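Structure file run-v8.txt; described as compact mmCIF, C-alpha atoms (C1' of nucleotides).
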```txt
# COMPACT_ATOMS: atom_id res chain seq x y z
CA MET A 146 -29.02 15.79 11.31
CA PHE A 147 -30.50 12.37 10.64
CA GLU A 148 -32.78 13.35 7.78
CA VAL A 149 -30.57 11.96 5.03
CA LEU A 150 -30.11 8.69 6.89
CA PHE A 151 -33.77 8.23 7.71
CA ALA A 152 -34.77 9.09 4.18
CA HIS A 153 -32.34 6.46 2.95
CA ILE A 154 -33.64 3.80 5.33
CA GLU A 155 -37.25 4.62 4.54
CA GLU A 156 -36.65 4.01 0.87
CA LYS A 157 -36.32 0.38 1.89
CA VAL A 158 -38.32 -0.20 5.08
CA THR A 159 -40.87 1.65 7.18
CA LEU A 160 -39.81 3.22 10.48
CA THR A 161 -41.85 4.27 13.49
CA ASP A 162 -40.84 7.38 15.42
CA LYS A 163 -39.76 5.16 18.26
CA GLU A 164 -37.49 3.22 15.97
CA LYS A 165 -36.05 6.42 14.59
CA LEU A 166 -35.22 7.57 18.04
CA ALA A 167 -33.62 4.24 18.87
CA ILE A 168 -31.61 4.28 15.69
CA SER A 169 -30.39 7.81 16.18
CA GLU A 170 -28.89 6.92 19.53
CA PHE A 171 -26.45 4.49 17.95
CA PHE A 172 -24.86 7.09 15.69
CA THR A 173 -22.34 9.87 16.20
CA PHE A 174 -22.14 12.93 14.00
CA LYS A 175 -18.71 13.95 12.75
CA LYS A 176 -17.14 16.43 10.35
CA ILE A 177 -13.87 15.76 8.61
CA ARG A 178 -11.61 17.82 6.40
CA ARG A 179 -10.35 17.24 2.87
CA LYS A 180 -7.51 14.69 2.88
CA GLN A 181 -8.32 13.50 6.36
CA TYR A 182 -8.23 9.73 6.85
CA ILE A 183 -11.03 7.84 8.44
CA LEU A 184 -9.24 4.54 7.98
CA GLN A 185 -5.71 3.44 7.17
CA GLU A 186 -4.32 0.09 6.14
CA GLY A 187 -3.52 -2.00 9.19
CA ASP A 188 -6.06 -0.30 11.45
CA ILE A 189 -9.02 -2.24 12.70
CA CYS A 190 -12.03 -0.66 11.04
CA LYS A 191 -14.01 0.34 14.10
CA ASN A 192 -16.82 2.15 12.32
CA MET A 193 -19.21 1.97 9.51
CA VAL A 194 -19.93 5.38 8.12
CA PHE A 195 -22.97 6.96 6.53
CA ILE A 196 -22.20 10.02 4.46
CA ASN A 197 -24.39 13.00 5.06
CA LYS A 198 -22.60 15.36 2.71
CA GLY A 199 -19.26 15.45 0.91
CA LEU A 200 -17.08 12.94 -0.89
CA LEU A 201 -14.93 10.06 0.33
CA LYS A 202 -12.85 7.51 -1.48
CA SER A 203 -11.67 4.09 -0.38
CA TYR A 204 -8.55 2.68 -1.95
CA ARG A 205 -5.65 0.31 -1.67
CA LEU A 206 -1.99 1.18 -2.14
CA ASP A 207 0.24 -1.13 -4.16
CA GLU A 208 3.93 -1.78 -3.53
CA LYS A 209 4.94 1.20 -5.64
CA GLY A 210 2.60 3.53 -3.79
CA GLY A 211 -0.01 3.60 -6.53
CA GLU A 212 -3.57 4.29 -5.42
CA HIS A 213 -6.33 1.94 -6.60
CA ILE A 214 -9.77 3.23 -5.77
CA THR A 215 -12.40 0.67 -4.89
CA VAL A 216 -15.33 2.92 -4.15
CA PHE A 217 -16.47 6.52 -3.89
CA GLY A 218 -19.03 7.64 -1.35
CA TRP A 219 -21.18 10.73 -1.30
CA GLU A 220 -24.51 11.82 0.21
CA GLY A 221 -26.61 8.83 1.11
CA TRP A 222 -23.92 6.16 0.81
CA TRP A 223 -22.31 3.91 3.33
CA ILE A 224 -18.61 3.34 3.37
CA SER A 225 -16.19 1.17 5.34
CA ASP A 226 -13.75 -1.68 4.97
CA LEU A 227 -16.49 -4.24 5.37
CA LYS A 228 -14.17 -7.16 5.93
CA SER A 229 -12.17 -5.35 8.58
CA PHE A 230 -15.31 -3.98 10.16
CA LEU A 231 -17.20 -7.23 10.37
CA GLN A 232 -14.35 -9.50 11.33
CA GLN A 233 -12.36 -6.90 13.30
CA ILE A 234 -9.15 -7.72 11.51
CA PRO A 235 -6.61 -5.23 10.11
CA ALA A 236 -7.88 -3.21 7.20
CA THR A 237 -6.43 -3.50 3.72
CA LEU A 238 -8.05 -0.29 2.60
CA PHE A 239 -7.54 3.39 3.17
CA ILE A 240 -10.52 5.70 3.32
CA ASP A 241 -10.12 9.45 3.16
CA ALA A 242 -11.99 12.59 2.26
CA VAL A 243 -11.78 14.05 -1.23
CA LYS A 244 -13.46 17.14 0.16
CA ASP A 245 -14.84 18.30 3.51
CA THR A 246 -17.42 15.75 4.57
CA GLU A 247 -20.10 15.14 7.21
CA LEU A 248 -20.56 11.66 8.60
CA LEU A 249 -22.79 9.55 10.80
CA VAL A 250 -20.69 6.92 12.48
CA ILE A 251 -21.64 3.61 14.07
CA SER A 252 -19.28 1.22 15.84
CA ARG A 253 -19.05 -2.51 15.31
CA GLU A 254 -20.70 -3.32 18.62
CA ASP A 255 -23.43 -0.78 18.11
CA TYR A 256 -24.04 -2.10 14.62
CA GLU A 257 -24.76 -5.52 16.05
CA GLU A 258 -26.76 -3.98 18.90
CA LEU A 259 -28.75 -1.94 16.45
CA THR A 260 -29.86 -4.96 14.49
CA LEU A 261 -30.98 -6.56 17.75
CA ALA A 262 -32.65 -3.47 19.20
CA VAL A 263 -34.36 -2.54 15.93
CA PRO A 264 -34.91 -5.81 14.07
CA VAL A 265 -36.22 -4.12 10.97
CA MET A 266 -32.66 -2.94 10.44
CA ASN A 267 -31.70 -6.51 9.56
CA ARG A 268 -34.12 -6.21 6.74
CA TYR A 269 -32.77 -2.81 5.79
CA PHE A 270 -29.17 -4.00 5.77
CA ARG A 271 -30.12 -7.14 3.93
CA ILE A 272 -31.70 -5.05 1.17
CA LEU A 273 -28.81 -2.59 1.26
CA TYR A 274 -26.35 -5.42 0.79
CA GLU A 275 -28.44 -6.98 -1.94
CA ASN A 276 -28.24 -3.71 -3.82
CA SER A 277 -24.54 -3.38 -3.19
CA LEU A 278 -24.01 -6.86 -4.51
CA VAL A 279 -25.85 -6.00 -7.68
CA THR A 280 -23.69 -2.90 -8.12
CA LYS A 281 -20.49 -4.78 -7.47
CA ASP A 282 -21.51 -7.53 -9.86
CA GLU A 283 -21.91 -4.97 -12.58
CA ARG A 284 -18.60 -3.43 -11.73
CA LEU A 285 -16.93 -6.84 -11.86
CA ILE A 286 -18.40 -7.45 -15.27
CA SER A 287 -17.15 -4.06 -16.37
CA LEU A 288 -13.62 -4.52 -15.17
CA ASN A 289 -13.29 -8.04 -16.43
CA ARG A 290 -12.37 -8.10 -20.06
CA TYR A 291 -13.73 -4.78 -21.21
CA THR A 292 -11.28 -2.52 -22.98
CA ALA A 293 -10.39 0.81 -21.43
CA GLU A 294 -12.69 2.62 -23.81
CA GLU A 295 -15.58 0.29 -23.10
CA LYS A 296 -15.10 0.67 -19.35
CA PHE A 297 -15.34 4.41 -19.63
CA GLN A 298 -18.29 4.26 -21.98
CA ARG A 299 -20.10 2.02 -19.51
CA LEU A 300 -19.39 4.48 -16.74
CA ILE A 301 -20.91 7.25 -18.82
CA ASP A 302 -23.94 5.09 -19.52
CA TYR A 303 -24.53 3.62 -16.10
CA ASN A 304 -22.95 6.02 -13.66
CA PRO A 305 -22.91 9.51 -15.14
CA GLU A 306 -23.24 11.10 -11.72
CA MET A 307 -19.75 9.94 -10.82
CA ILE A 308 -18.24 11.69 -13.80
CA GLN A 309 -19.72 14.96 -12.64
CA ARG A 310 -18.72 14.60 -9.03
CA VAL A 311 -15.28 13.05 -9.19
CA PRO A 312 -12.03 14.43 -10.70
CA GLN A 313 -10.79 12.62 -13.76
CA HIS A 314 -7.62 11.12 -12.35
CA LEU A 315 -9.65 9.51 -9.56
CA ILE A 316 -12.03 8.08 -12.12
CA ALA A 317 -9.03 6.63 -13.93
CA SER A 318 -7.93 4.93 -10.74
CA TYR A 319 -11.46 3.63 -10.18
CA LEU A 320 -11.53 2.15 -13.67
CA GLY A 321 -8.08 0.66 -13.31
CA LEU A 322 -6.56 2.87 -15.99
CA ALA A 323 -3.55 5.14 -16.16
CA PRO A 324 -4.64 8.79 -16.11
CA ALA A 325 -2.93 9.25 -19.46
CA THR A 326 -5.03 6.47 -20.94
CA LEU A 327 -8.28 7.98 -19.75
CA SER A 328 -7.28 11.33 -21.16
CA ARG A 329 -6.60 9.78 -24.56
CA ILE A 330 -9.90 7.91 -24.48
CA ARG A 331 -11.83 11.08 -23.79
CA LYS A 332 -10.16 12.70 -26.75
CA ARG A 333 -11.08 9.75 -28.93
CA LEU A 334 -14.70 9.85 -27.78
CA GLY A 335 -14.85 13.56 -28.46
CA SER A 336 -14.40 14.61 -24.83
CA GLY A 337 -17.17 12.22 -23.81
CA LYS A 338 -18.94 13.94 -21.03
CA MET B 253 -31.67 -33.66 1.57
CA PHE B 254 -31.45 -30.41 3.51
CA GLU B 255 -28.41 -31.25 5.60
CA VAL B 256 -25.99 -29.16 3.56
CA LEU B 257 -28.34 -26.19 3.59
CA PHE B 258 -29.07 -26.36 7.30
CA ALA B 259 -25.42 -26.79 8.10
CA HIS B 260 -24.69 -23.70 6.06
CA ILE B 261 -27.39 -21.65 7.76
CA GLU B 262 -26.35 -22.84 11.19
CA GLU B 263 -22.84 -21.60 10.62
CA LYS B 264 -24.39 -18.16 10.84
CA VAL B 265 -27.55 -18.35 12.95
CA THR B 266 -29.27 -20.85 15.24
CA LEU B 267 -32.34 -22.72 14.01
CA THR B 268 -35.08 -24.51 15.93
CA ASP B 269 -36.56 -27.71 14.52
CA LYS B 270 -39.73 -25.82 13.83
CA GLU B 271 -37.85 -23.24 11.81
CA LYS B 272 -36.05 -25.95 9.89
CA LEU B 273 -39.33 -27.51 8.97
CA ALA B 274 -40.70 -24.16 7.88
CA ILE B 275 -37.62 -23.42 5.83
CA SER B 276 -37.63 -26.78 4.12
CA GLU B 277 -41.12 -26.20 2.81
CA PHE B 278 -40.00 -23.26 0.73
CA PHE B 279 -37.45 -25.22 -1.25
CA THR B 280 -37.64 -27.67 -4.12
CA PHE B 281 -35.00 -30.30 -4.78
CA LYS B 282 -33.73 -30.63 -8.33
CA LYS B 283 -31.05 -32.47 -10.26
CA ILE B 284 -29.54 -31.11 -13.42
CA ARG B 285 -27.10 -32.46 -15.97
CA ARG B 286 -23.76 -31.16 -17.18
CA LYS B 287 -24.25 -28.28 -19.65
CA GLN B 288 -27.85 -27.78 -18.63
CA TYR B 289 -28.89 -24.16 -18.19
CA ILE B 290 -30.66 -22.94 -15.12
CA LEU B 291 -30.77 -19.38 -16.46
CA GLN B 292 -30.28 -17.72 -19.82
CA GLU B 293 -29.81 -14.10 -20.75
CA GLY B 294 -33.17 -12.41 -21.19
CA ASP B 295 -35.05 -14.77 -18.89
CA ILE B 296 -36.47 -13.45 -15.67
CA CYS B 297 -34.48 -15.15 -12.94
CA LYS B 298 -37.28 -16.87 -11.06
CA ASN B 299 -35.17 -18.74 -8.57
CA MET B 300 -32.32 -18.46 -6.22
CA VAL B 301 -30.42 -21.69 -6.00
CA PHE B 302 -28.51 -23.40 -3.22
CA ILE B 303 -26.02 -25.96 -4.45
CA ASN B 304 -26.08 -29.28 -2.67
CA LYS B 305 -23.46 -30.97 -4.81
CA GLY B 306 -21.80 -30.33 -8.14
CA LEU B 307 -20.46 -27.29 -9.97
CA LEU B 308 -22.19 -24.38 -11.70
CA LYS B 309 -20.85 -21.32 -13.42
CA SER B 310 -22.49 -17.99 -14.11
CA TYR B 311 -21.26 -15.95 -17.02
CA ARG B 312 -21.97 -13.27 -19.56
CA LEU B 313 -21.53 -13.59 -23.32
CA ASP B 314 -19.97 -10.74 -25.26
CA GLU B 315 -20.82 -9.69 -28.82
CA LYS B 316 -18.34 -12.17 -30.25
CA GLY B 317 -19.72 -15.05 -28.22
CA GLY B 318 -16.91 -14.99 -25.67
CA GLU B 319 -17.78 -16.32 -22.23
CA HIS B 320 -16.86 -14.22 -19.19
CA ILE B 321 -17.37 -16.07 -15.94
CA THR B 322 -18.54 -14.04 -12.98
CA VAL B 323 -18.85 -16.74 -10.36
CA PHE B 324 -18.52 -20.46 -9.72
CA GLY B 325 -20.77 -22.30 -7.30
CA TRP B 326 -20.26 -25.64 -5.63
CA GLU B 327 -21.48 -27.39 -2.46
CA GLY B 328 -22.75 -24.89 0.06
CA TRP B 329 -22.94 -21.87 -2.25
CA TRP B 330 -25.83 -19.85 -3.50
CA ILE B 331 -26.08 -18.78 -7.09
CA SER B 332 -28.44 -16.62 -9.15
CA ASP B 333 -28.57 -13.45 -11.18
CA LEU B 334 -29.26 -11.37 -8.12
CA LYS B 335 -30.32 -8.28 -9.99
CA SER B 336 -32.75 -10.18 -12.19
CA PHE B 337 -33.99 -12.20 -9.24
CA LEU B 338 -34.61 -9.30 -6.90
CA GLN B 339 -36.00 -6.85 -9.39
CA GLN B 340 -37.64 -9.41 -11.68
CA ILE B 341 -36.10 -7.92 -14.79
CA PRO B 342 -34.45 -9.79 -17.67
CA ALA B 343 -31.22 -11.49 -16.74
CA THR B 344 -27.88 -10.48 -18.20
CA LEU B 345 -26.23 -13.68 -17.07
CA PHE B 346 -26.24 -17.29 -18.06
CA ILE B 347 -25.95 -19.97 -15.43
CA ASP B 348 -25.24 -23.57 -16.34
CA ALA B 349 -23.81 -26.76 -14.93
CA VAL B 350 -20.14 -27.63 -15.38
CA LYS B 351 -20.99 -31.08 -14.14
CA ASP B 352 -24.06 -32.93 -12.89
CA THR B 353 -25.42 -30.95 -9.98
CA GLU B 354 -28.03 -31.12 -7.20
CA LEU B 355 -29.91 -27.99 -6.24
CA LEU B 356 -32.32 -26.58 -3.71
CA VAL B 357 -34.45 -23.98 -5.41
CA ILE B 358 -36.48 -21.12 -3.96
CA SER B 359 -38.69 -18.74 -5.94
CA ARG B 360 -38.72 -14.95 -5.66
CA GLU B 361 -42.05 -14.89 -3.85
CA ASP B 362 -41.06 -17.68 -1.52
CA TYR B 363 -37.79 -15.95 -0.78
CA GLU B 364 -39.69 -12.92 0.43
CA GLU B 365 -42.20 -15.14 2.25
CA LEU B 366 -39.42 -17.05 3.89
CA THR B 367 -37.88 -13.95 5.40
CA LEU B 368 -41.30 -13.04 6.79
CA ALA B 369 -42.20 -16.51 8.01
CA VAL B 370 -38.78 -17.17 9.54
CA PRO B 371 -37.40 -13.77 10.51
CA VAL B 372 -34.03 -15.13 11.51
CA MET B 373 -33.47 -15.69 7.81
CA ASN B 374 -33.16 -11.95 7.36
CA ARG B 375 -30.23 -12.15 9.68
CA TYR B 376 -28.86 -15.14 7.81
CA PHE B 377 -29.14 -13.47 4.42
CA ARG B 378 -27.74 -10.25 5.80
CA ILE B 379 -24.66 -12.10 6.99
CA LEU B 380 -24.50 -14.10 3.78
CA TYR B 381 -24.54 -10.92 1.73
CA GLU B 382 -21.99 -9.27 3.98
CA ASN B 383 -19.65 -12.15 3.27
CA SER B 384 -20.38 -12.04 -0.43
CA LEU B 385 -19.60 -8.35 -0.46
CA VAL B 386 -16.27 -8.99 1.17
CA THR B 387 -15.47 -11.64 -1.43
CA LYS B 388 -16.51 -9.42 -4.29
CA ASP B 389 -14.48 -6.53 -2.93
CA GLU B 390 -11.41 -8.69 -2.95
CA ARG B 391 -12.18 -9.83 -6.44
CA LEU B 392 -12.58 -6.23 -7.58
CA ILE B 393 -9.24 -5.36 -6.08
CA SER B 394 -7.71 -8.34 -7.85
CA LEU B 395 -9.10 -7.55 -11.24
CA ASN B 396 -8.35 -3.88 -11.06
CA ARG B 397 -4.82 -3.13 -12.10
CA TYR B 398 -3.16 -6.38 -11.20
CA THR B 399 -1.17 -8.04 -13.95
CA ALA B 400 -2.25 -11.43 -15.22
CA GLU B 401 0.46 -13.11 -13.20
CA GLU B 402 -0.51 -11.30 -10.01
CA LYS B 403 -4.17 -12.17 -10.50
CA PHE B 404 -3.34 -15.83 -10.73
CA GLN B 405 -0.95 -15.68 -7.80
CA ARG B 406 -3.67 -14.09 -5.70
CA LEU B 407 -6.07 -16.83 -6.69
CA ILE B 408 -3.54 -19.41 -5.54
CA ASP B 409 -3.06 -17.56 -2.28
CA TYR B 410 -6.65 -16.73 -1.47
CA ASN B 411 -8.75 -19.27 -3.31
CA PRO B 412 -6.76 -22.45 -3.80
CA GLU B 413 -9.89 -24.58 -3.67
CA MET B 414 -11.06 -23.14 -6.95
CA ILE B 415 -7.91 -24.20 -8.71
CA GLN B 416 -8.50 -27.78 -7.65
CA ARG B 417 -12.15 -27.85 -8.57
CA VAL B 418 -12.35 -25.88 -11.77
CA PRO B 419 -10.77 -26.59 -15.19
CA GLN B 420 -8.04 -24.19 -16.20
CA HIS B 421 -9.74 -22.55 -19.15
CA LEU B 422 -12.69 -21.64 -16.93
CA ILE B 423 -10.32 -20.13 -14.39
CA ALA B 424 -8.83 -18.09 -17.21
CA SER B 425 -12.27 -16.76 -18.06
CA TYR B 426 -12.92 -15.99 -14.39
CA LEU B 427 -9.69 -14.00 -14.17
CA GLY B 428 -10.36 -12.20 -17.43
CA LEU B 429 -7.45 -13.79 -19.24
CA ALA B 430 -7.04 -15.66 -22.50
CA PRO B 431 -6.51 -19.38 -21.85
CA ALA B 432 -3.19 -19.11 -23.64
CA THR B 433 -2.06 -16.40 -21.26
CA LEU B 434 -2.90 -18.44 -18.19
CA SER B 435 -1.07 -21.41 -19.59
CA ARG B 436 2.05 -19.31 -20.12
CA ILE B 437 1.81 -17.86 -16.64
CA ARG B 438 1.67 -21.27 -15.08
CA LYS B 439 4.77 -22.23 -16.96
CA ARG B 440 6.51 -19.11 -15.73
CA LEU B 441 5.52 -19.80 -12.14
CA GLY B 442 6.76 -23.37 -12.44
CA SER B 443 3.31 -24.88 -13.00
CA GLY B 444 2.01 -22.98 -9.98
CA LYS B 445 -0.35 -25.31 -8.30
C1' DC C 266 -11.34 -45.50 -33.30
C1' DG C 267 -13.08 -41.03 -34.01
C1' DT C 268 -14.61 -36.97 -31.78
C1' DC C 269 -14.40 -33.47 -28.27
C1' DT C 270 -12.39 -31.12 -24.84
C1' DC C 271 -8.60 -29.09 -22.97
C1' DG C 272 -3.88 -27.45 -22.35
C1' DT C 273 0.42 -25.93 -24.62
C1' DT C 274 3.24 -23.26 -27.65
C1' DG C 275 4.81 -19.82 -31.37
C1' DA C 276 4.61 -15.43 -33.88
C1' DG C 277 2.70 -11.15 -34.91
C1' DA C 278 -0.71 -7.52 -33.80
C1' DG C 279 -2.88 -4.47 -30.78
C1' DT C 280 -3.62 -2.08 -26.46
C1' DT C 281 -2.14 0.11 -22.47
C1' DT C 282 1.55 1.61 -19.59
C1' DT C 283 5.48 4.21 -18.33
C1' DC C 284 8.29 8.10 -18.39
C1' DA C 285 8.87 12.71 -19.37
C1' DA C 286 7.67 17.27 -20.82
C1' DT C 287 4.29 20.99 -21.09
C1' DG C 288 0.50 24.04 -19.97
C1' DT C 289 -3.08 25.52 -17.03
C1' DA C 290 -5.89 26.07 -13.05
C1' DA C 291 -6.23 26.34 -8.25
C1' DG C 292 -4.58 27.13 -3.59
C1' DT C 293 -1.38 29.31 -0.16
C1' DG C 294 1.27 32.57 2.21
C1' DG C 295 3.33 36.96 2.29
C1' DC D 249 -3.27 41.03 -4.82
C1' DC D 250 0.88 38.92 -6.47
C1' DA D 251 4.27 35.18 -6.53
C1' DC D 252 5.01 30.60 -5.67
C1' DT D 253 3.78 25.94 -5.24
C1' DT D 254 0.92 22.14 -5.98
C1' DA D 255 -2.54 19.54 -8.41
C1' DC D 256 -4.37 18.10 -12.65
C1' DA D 257 -4.97 17.18 -17.70
C1' DT D 258 -2.74 16.56 -22.04
C1' DT D 259 0.49 14.72 -25.32
C1' DG D 260 4.50 12.05 -27.48
C1' DA D 261 7.49 8.03 -27.94
C1' DA D 262 9.11 3.74 -26.55
C1' DA D 263 8.48 -0.37 -23.72
C1' DA D 264 5.72 -3.96 -21.74
C1' DC D 265 2.02 -6.82 -21.64
C1' DT D 266 -1.74 -9.59 -23.32
C1' DC D 267 -4.41 -11.09 -27.12
C1' DT D 268 -5.48 -13.43 -31.38
C1' DC D 269 -4.88 -16.91 -34.53
C1' DA D 270 -3.21 -21.21 -35.55
C1' DA D 271 -1.22 -25.62 -34.97
C1' DC D 272 -0.36 -29.57 -32.20
C1' DG D 273 -0.81 -33.24 -28.66
C1' DA D 274 -2.92 -35.72 -24.93
C1' DG D 275 -6.72 -37.64 -22.59
C1' DA D 276 -11.76 -38.77 -21.95
C1' DC D 277 -15.76 -40.72 -23.75
C1' DG D 278 -19.04 -43.05 -26.49
```
Take the structure in the file and give it back as structure tokens.
Amino acid sequence: MFEVLFAHIEEKVTLTDKEKLAISEFFTFKKIRRKQYILQEGDICKNMVFINKGLLKSYRLDEKGGEHITVFGWEGWWISDLKSFLQQIPATLFIDAVKDTELLVISREDYEELTLAVPVMNRYFRILYENSLVTKDERLISLNRYTAEEKFQRLIDYNPEMIQRVPQHLIASYLGLAPATLSRIRKRLGSGK
Amino acid sequence: MFEVLFAHIEEKVTLTDKEKLAISEFFTFKKIRRKQYILQEGDICKNMVFINKGLLKSYRLDEKGGEHITVFGWEGWWISDLKSFLQQIPATLFIDAVKDTELLVISREDYEELTLAVPVMNRYFRILYENSLVTKDERLISLNRYTAEEKFQRLIDYNPEMIQRVPQHLIASYLGLAPATLSRIRKRLGSGK
DNA sequence: CGTCTCGTTGAGAGTTTTCAATGTAAGTGG
DNA sequence: CCACTTACATTGAAAACTCTCAACGAGACG
């Protein structure tokens, strides 16, 4: 049940069996169905979630009900509304399942406890966040001032896995494009896949 | 010389005098002039930089020489090309001084050493990166699918300090807008300041 | 005083969106 | 297994937005 998580942690730091045991006791296993929410705007984000299997999306709704995806999560990724989770203030994001998904869940208090009980987890989360920052930086650069076509081309170049896993209209939302625009771009690029 | 840095760290974790001494030995103080680079595209980013005083910008140049600002840094902020710094690969960013600036500099090796020598710094950097992630998330949401006017309005609402500190054409670059567009928006908003 | 830097403004060009219609695939319930 | 509904991609045409290019003016600085 914890294999995916431990494998992910051990890419970054070394764990003893004792630490693994300690870590495992902070998490709860959970299955959720397609379309099920794990967080809605206005909720306090009580949990950080590690994805064992499946596909989630986090997004914001605008005034007109339009969905703007901030992040996808699949096997081996963490997902949450970090701001809401860390500061325990109302969330601005929704998170729900694109398909049936298996999760490992840790609460805010347990997250803090975990870093105290297993100090090497500070190091793990530090490295995890470093990597996230790098990813987000690249995404920021992509979104800022690239044309629609360039954004999509960069996704193909740097994140081809997403194109295979995620339906096109969700990719459009992720790139900040109208679905119609993305469709036209793909035609122009010769169905760039 | 280290007051600003220690104050910043102590907002997040507690330091003993011994730890402060240890920390201080990893940093080098440096002054740089307006327009001076601390990093250019293609360099390996050797240092992470804490800003004591002044104003820096980090940016990317496009094919036509256009400058796209990713981040500003002033008193109490860290700046670097994190990807280049952590992985020791060529930088994609430029970083230079908007005005004369004072820095505390730490090298890649010393950064790693520091987290080993003063373990509480793992906690500090973890929290620092958590906060950065929250900021970047909000920036991503802003850039993605908001109109120019909404982007600027959100900057006023959420980051008014930047508007006071940073010249308008650099703000335009930061928001991914042409300077002319930002000027027109301000007129529309009644010189929104 | 001359040079730069920076902000403003106008007009036309280009990109992307919106709205609507169409076709197809997939999913659901009888 | 069929009929019905929903979800998704495609396409066209017009509208909306932002950019580019260019000119101009004001202020800072040496």
Report the closest atom pair, with its distance in Å rounded to one decimal, for each residue of chain B that has an atom no farther than 9 Å from chain C; count all atoms listed in the file, sort by chain and then rising residue number, and write it as JSON lines.
```
{"residue": "B:Pro419", "atom": "CA", "partner": "C:DC271", "partner_atom": "C1'", "distance": 8.5}
{"residue": "B:Gln420", "atom": "CA", "partner": "C:DG272", "partner_atom": "C1'", "distance": 8.1}
{"residue": "B:His421", "atom": "CA", "partner": "C:DC271", "partner_atom": "C1'", "distance": 7.7}
{"residue": "B:Pro431", "atom": "CA", "partner": "C:DG272", "partner_atom": "C1'", "distance": 8.5}
{"residue": "B:Ala432", "atom": "CA", "partner": "C:DT273", "partner_atom": "C1'", "distance": 7.8}
{"residue": "B:Ser435", "atom": "CA", "partner": "C:DT273", "partner_atom": "C1'", "distance": 6.9}
{"residue": "B:Arg436", "atom": "CA", "partner": "C:DT273", "partner_atom": "C1'", "distance": 8.2}
```
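Rounded to one decimal, atom CA of B:Ser310 and atom CA of B:Ile358 lie 17.6 Å from each other.
Ranking B:Asn299, B:Thr353, B:Thr387, B:Thr266 by their shortest atom-to-atom distance to chain A, with all atoms listed in the file included, puts B:Thr387 first.
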Only residues of chain B matter here; which ones have an atom within 6 Å of chain A, counting all atoms listed in the file? Give them as a PDB file with C-alpha atoms, in the coordinates of the input.
```
ATOM      1  CA  LYS B 335     -30.320  -8.280  -9.990  1.00  0.00           C
ATOM      2  CA  ASN B 374     -33.160 -11.950   7.360  1.00  0.00           C
ATOM      3  CA  ARG B 375     -30.230 -12.150   9.680  1.00  0.00           C
ATOM      4  CA  ARG B 378     -27.740 -10.250   5.800  1.00  0.00           C
ATOM      5  CA  TYR B 381     -24.540 -10.920   1.730  1.00  0.00           C
ATOM      6  CA  VAL B 386     -16.270  -8.990   1.170  1.00  0.00           C
ATOM      7  CA  ASN B 396      -8.350  -3.880 -11.060  1.00  0.00           C
ATOM      8  CA  ARG B 397      -4.820  -3.130 -12.100  1.00  0.00           C
ATOM      9  CA  GLY B 428     -10.360 -12.200 -17.430  1.00  0.00           C
TER      10      GLY B 428
END
```
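The gap separating atom CA of A:Met193 from atom CA of A:Glu254 is 10.6 Å, in Å to one decimal.
Atom CA of B:Ala349 is positioned 29.1 Å from atom CA of A:Lys296.
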**OP:** Define the interface residues of chain D facing chain A as those within 12 Å, counting all atoms listed in the file, and report them as a PyMOL selection string.
**Re:** chain D and resi 255-260+266-267
**OP:** Write out as an NGL selection string which residues come within 9 Å of A:Glu294 when counting all atoms listed in the file, dropping same-chain ones fewer than 6 positions away.
**Re:** :A and (327 or 330-331 or 333-334)
Subject >> Residue contacts of A:Arg310 (12 Å, all atoms listed in the file) excluding same-chain residues fewer than 2 positions away, as a ChimeraX atom specification >> reply: /A:199-202,217-220,243-244,304-308,312-313,315-316
